[in-house]
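Participant: Structure incoming, see below.
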Amino acid sequence: MKIFEENPAYGAVWGVYGDRPLVDDGVVEWVQVLYGHYRATRKLGPARTGHFASGAIPRRVIDEIGAFDERLLGQYANEDHEFSLRIAEHYPVTRTLSVIGYHDDDDQLSSILRKLYRRASSLVPLIFKQRELKPEREATHRPAEVAAAFLATVSLPLALVSPYLAVVPVAFLAWFIGVDLPLLNYVRRTAGWRMVPPSALLSFVYGLAISAGALSGGLRYLLDVRFRQRYRTPAEVH
């Protein structure tokens with residue numbers, strides 16, 4: 001409320017998730033929470049996306065631009081991303097450490113991989129629609145680390161062609177580690193060395209799931225007109 005009083009033009013104020021899980025369900029959940037906290041706290045101040053569970057929106061904003069798009073049905077419809085980007089398209093938005101919420105995050109690897117794949121696929125039309133906002137810059141898993149994990153994996157067969165070509169996947173793996181190094185250093189400082197190896201491994205696997213979802217969504221974007229128009233505004237529908 002204080003931030004809104006000092007900045008009446010703001011369309012939303014987002015808090016962040018804390019650096020520990022609400023319920024400790026193991027390593028996978030710890031990695032989820034640490035990554036989410038790290039990414040959010042690296043981008044305080046002006047923001048494009050946020051967590052509705054730890055944020056606030058003035059009623060006037062909803063009256064002016066509408067609320068959630070009720071046409072976006074399904075578990076991985078990304079209606080929260082669409083709405084937060086719609087707010088950022090019309091109003092200044094900020095992220096603050098003044099509000100910290102503790103989250104009982106996913107703790108099953110299979111569930112996370114499925115979620116990452118389906119959300120990445122579903123987000124493709126929205127990313128193209130909101131190019132000026134570049135929503136991928138605030139994602140928990142950034143494009144560079146996703147691309148590095150994907151390229152390191154698909155280039156592995158080169159080592160079968162010639163041992164010298166093994167340098168290609170090794171180079172991509174080094175790129176991945178370099179991109180992830182600040183985050184891994186944060187994990188080490190916050191949770192200790194024991195969390196660094198599983199964090200790096202899970203980040204790599206998550207990158208593969210996201211890249212697979214993005215490729216699937218890109219192909220669908222090219223072939224399916226209805227999919228391309230998934231995030232049309234109400235005015236565009238009519």
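Letters A, B, ... go to the chains of the structure tokens in the order shown; residues in each chain start at 1; ligands are counted from 1 in the same order.
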Which residues are close to Arg48 in chain A, i.e. within 12 Å by only C-alpha atoms, leaving aside same-chain residues fewer than 3 positions away? Reply as a PyMOL selection string.
Facilitator: chain A and resi 10-14+40+43-45+51+80-95+130-139
Participant: Sort by chain and increasing residue number a table of all residues of range 23-97 of chain A within 12 Å of range 190-193 of chain A, each with its closest pair of atoms and their distance in Å to one decimal, counting only C-alpha atoms, and write it as a Markdown table.
Facilitator:
| residue | atom | partner | partner_atom | distance |
| --- | --- | --- | --- | --- |
| A:Val27 | CA | A:Ala191 | CA | 10.5 |
| A:Trp30 | CA | A:Ala191 | CA | 8.8 |
| A:Val31 | CA | A:Ala191 | CA | 9.6 |
| A:Val33 | CA | A:Ala191 | CA | 11.2 |
| A:Leu34 | CA | A:Thr190 | CA | 8.3 |
| A:Tyr35 | CA | A:Thr190 | CA | 11.2 |
| A:His37 | CA | A:Thr190 | CA | 11.0 |
| A:Tyr38 | CA | A:Thr190 | CA | 10.2 |
Participant: Of the candidates A:Val28, A:Val23, A:Ala9, A:Leu116, which one gets nearest to Ala209 in chain A if we count only C-alpha atoms?
Facilitator: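 So, comparing all the options, the nearest one is A:Leu116.
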Participant: Would you kindly return, as a short mmCIF file (atom, residue, chain, number, x, y, z; two decimals) with all heavy atoms, in the first residue's frame, each protein, DNA or RNA residue with an atom no farther than 9 Å from any atom of Lys129 in chain A, considering only C-alpha atoms and excluding same-chain residues fewer than 3 positions away?
Facilitator:
data_model
loop_
_atom_site.label_atom_id
_atom_site.label_comp_id
_atom_site.auth_asym_id
_atom_site.auth_seq_id
_atom_site.Cartn_x
_atom_site.Cartn_y
_atom_site.Cartn_z
N VAL A 124 4.53 -19.88 -26.49
CA VAL A 124 5.09 -19.41 -27.77
C VAL A 124 4.27 -18.30 -28.40
O VAL A 124 4.81 -17.24 -28.76
CB VAL A 124 5.30 -20.59 -28.74
CG1 VAL A 124 5.63 -20.08 -30.15
CG2 VAL A 124 6.41 -21.50 -28.24
N PRO A 125 2.93 -18.45 -28.56
CA PRO A 125 2.18 -17.34 -29.18
C PRO A 125 2.21 -16.05 -28.35
O PRO A 125 2.23 -14.96 -28.91
CB PRO A 125 0.74 -17.90 -29.24
CG PRO A 125 0.89 -19.37 -29.12
CD PRO A 125 2.07 -19.60 -28.25
N LEU A 126 2.24 -16.18 -27.02
CA LEU A 126 2.26 -14.99 -26.17
C LEU A 126 3.60 -14.26 -26.29
O LEU A 126 3.64 -13.02 -26.31
CB LEU A 126 2.00 -15.38 -24.72
CG LEU A 126 1.91 -14.23 -23.71
CD1 LEU A 126 0.81 -13.25 -24.10
CD2 LEU A 126 1.67 -14.76 -22.31
N GLU A 132 7.61 -6.66 -27.68
CA GLU A 132 8.17 -5.41 -27.15
C GLU A 132 8.45 -5.52 -25.64
O GLU A 132 9.30 -4.79 -25.11
CB GLU A 132 7.23 -4.24 -27.43
CG GLU A 132 5.92 -4.23 -26.65
CD GLU A 132 4.87 -5.19 -27.20
OE1 GLU A 132 5.17 -5.88 -28.20
OE2 GLU A 132 3.76 -5.24 -26.64
N TYR A 231 -3.89 -15.89 -27.76
CA TYR A 231 -3.87 -14.79 -26.79
C TYR A 231 -4.40 -13.49 -27.41
O TYR A 231 -3.93 -12.42 -27.10
CB TYR A 231 -2.45 -14.58 -26.27
CG TYR A 231 -1.92 -15.77 -25.52
CD1 TYR A 231 -1.08 -16.69 -26.16
CD2 TYR A 231 -2.26 -16.01 -24.21
CE1 TYR A 231 -0.60 -17.80 -25.47
CE2 TYR A 231 -1.79 -17.11 -23.52
CZ TYR A 231 -0.95 -18.00 -24.17
OH TYR A 231 -0.47 -19.09 -23.49
N ARG A 232 -5.37 -13.61 -28.28
CA ARG A 232 -5.99 -12.42 -28.84
C ARG A 232 -6.73 -11.64 -27.76
O ARG A 232 -7.27 -12.22 -26.82
CB ARG A 232 -6.99 -12.80 -29.94
CG ARG A 232 -6.35 -13.36 -31.20
CD ARG A 232 -7.38 -13.70 -32.22
NE ARG A 232 -8.29 -14.76 -31.74
CZ ARG A 232 -9.39 -15.14 -32.37
NH1 ARG A 232 -9.73 -14.56 -33.49
NH2 ARG A 232 -10.15 -16.10 -31.87
#
Participant: Counting only C-alpha atoms, which residue out of A:Asp105, A:Ser203, A:Arg230, A:Met1 sits closest to Asp69 in chain A?
Facilitator: A:Arg230
Participant: Report as a tab-separated table the residues of range 147-203 of chain A within 9 Å of range 210-220 of chain A, each with its shortest atom pair and distance in Å (one decimal), using only C-alpha atoms, ordered by chain and increasing residue number.
Facilitator:
residue	atom	partner	partner_atom	distance
A:Ala147	CA	A:Ser211	CA	7.1
A:Ala149	CA	A:Ser211	CA	8.5
A:Phe150	CA	A:Ser211	CA	6.4
Participant: I need the residues from that last selection saved to file as a PDB file, in the first residue's frame (with N, CA and C atoms), if you can.
Facilitator:
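What landed in out_9.pdb:
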ATOM      1  N   ALA A 147      19.134 -22.770 -24.306  1.00  0.00           N
ATOM      2  CA  ALA A 147      19.789 -23.040 -25.587  1.00  0.00           C
ATOM      3  C   ALA A 147      21.075 -23.836 -25.395  1.00  0.00           C
ATOM      4  N   ALA A 149      21.886 -25.942 -22.947  1.00  0.00           N
ATOM      5  CA  ALA A 149      21.576 -27.328 -22.594  1.00  0.00           C
ATOM      6  C   ALA A 149      21.110 -28.109 -23.825  1.00  0.00           C
ATOM      7  N   PHE A 150      20.283 -27.488 -24.631  1.00  0.00           N
ATOM      8  CA  PHE A 150      19.775 -28.146 -25.832  1.00  0.00           C
ATOM      9  C   PHE A 150      20.904 -28.447 -26.815  1.00  0.00           C
TER      10      PHE A 150
END
Participant: Once DSSP has gone over the backbone, tell me which residues of range 60-226 of chain A are in strand (DSSP E), as a list in words.
Facilitator: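 Put together, the selection reads Val93, Thr94, Arg95, Thr96, Leu97, Ser98, Val99, Ile100 and Gly101 of chain A.
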Participant: Hey, can you spit out that residue selection with C-alpha atoms as a tab-separated table (two decimals), in the first residue's frame?
Facilitator:
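That gives us part-v8.tsv:
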chain	number	residue	atom	x	y	z
A	93	VAL	CA	4.84	-2.20	-12.65
A	94	THR	CA	7.40	-2.90	-9.94
A	95	ARG	CA	8.81	-5.87	-8.00
A	96	THR	CA	9.75	-5.43	-4.35
A	97	LEU	CA	11.34	-7.28	-1.46
A	98	SER	CA	8.83	-5.64	0.87
A	99	VAL	CA	6.54	-8.63	0.38
A	100	ILE	CA	7.99	-12.14	0.65
A	101	GLY	CA	5.82	-15.24	0.42
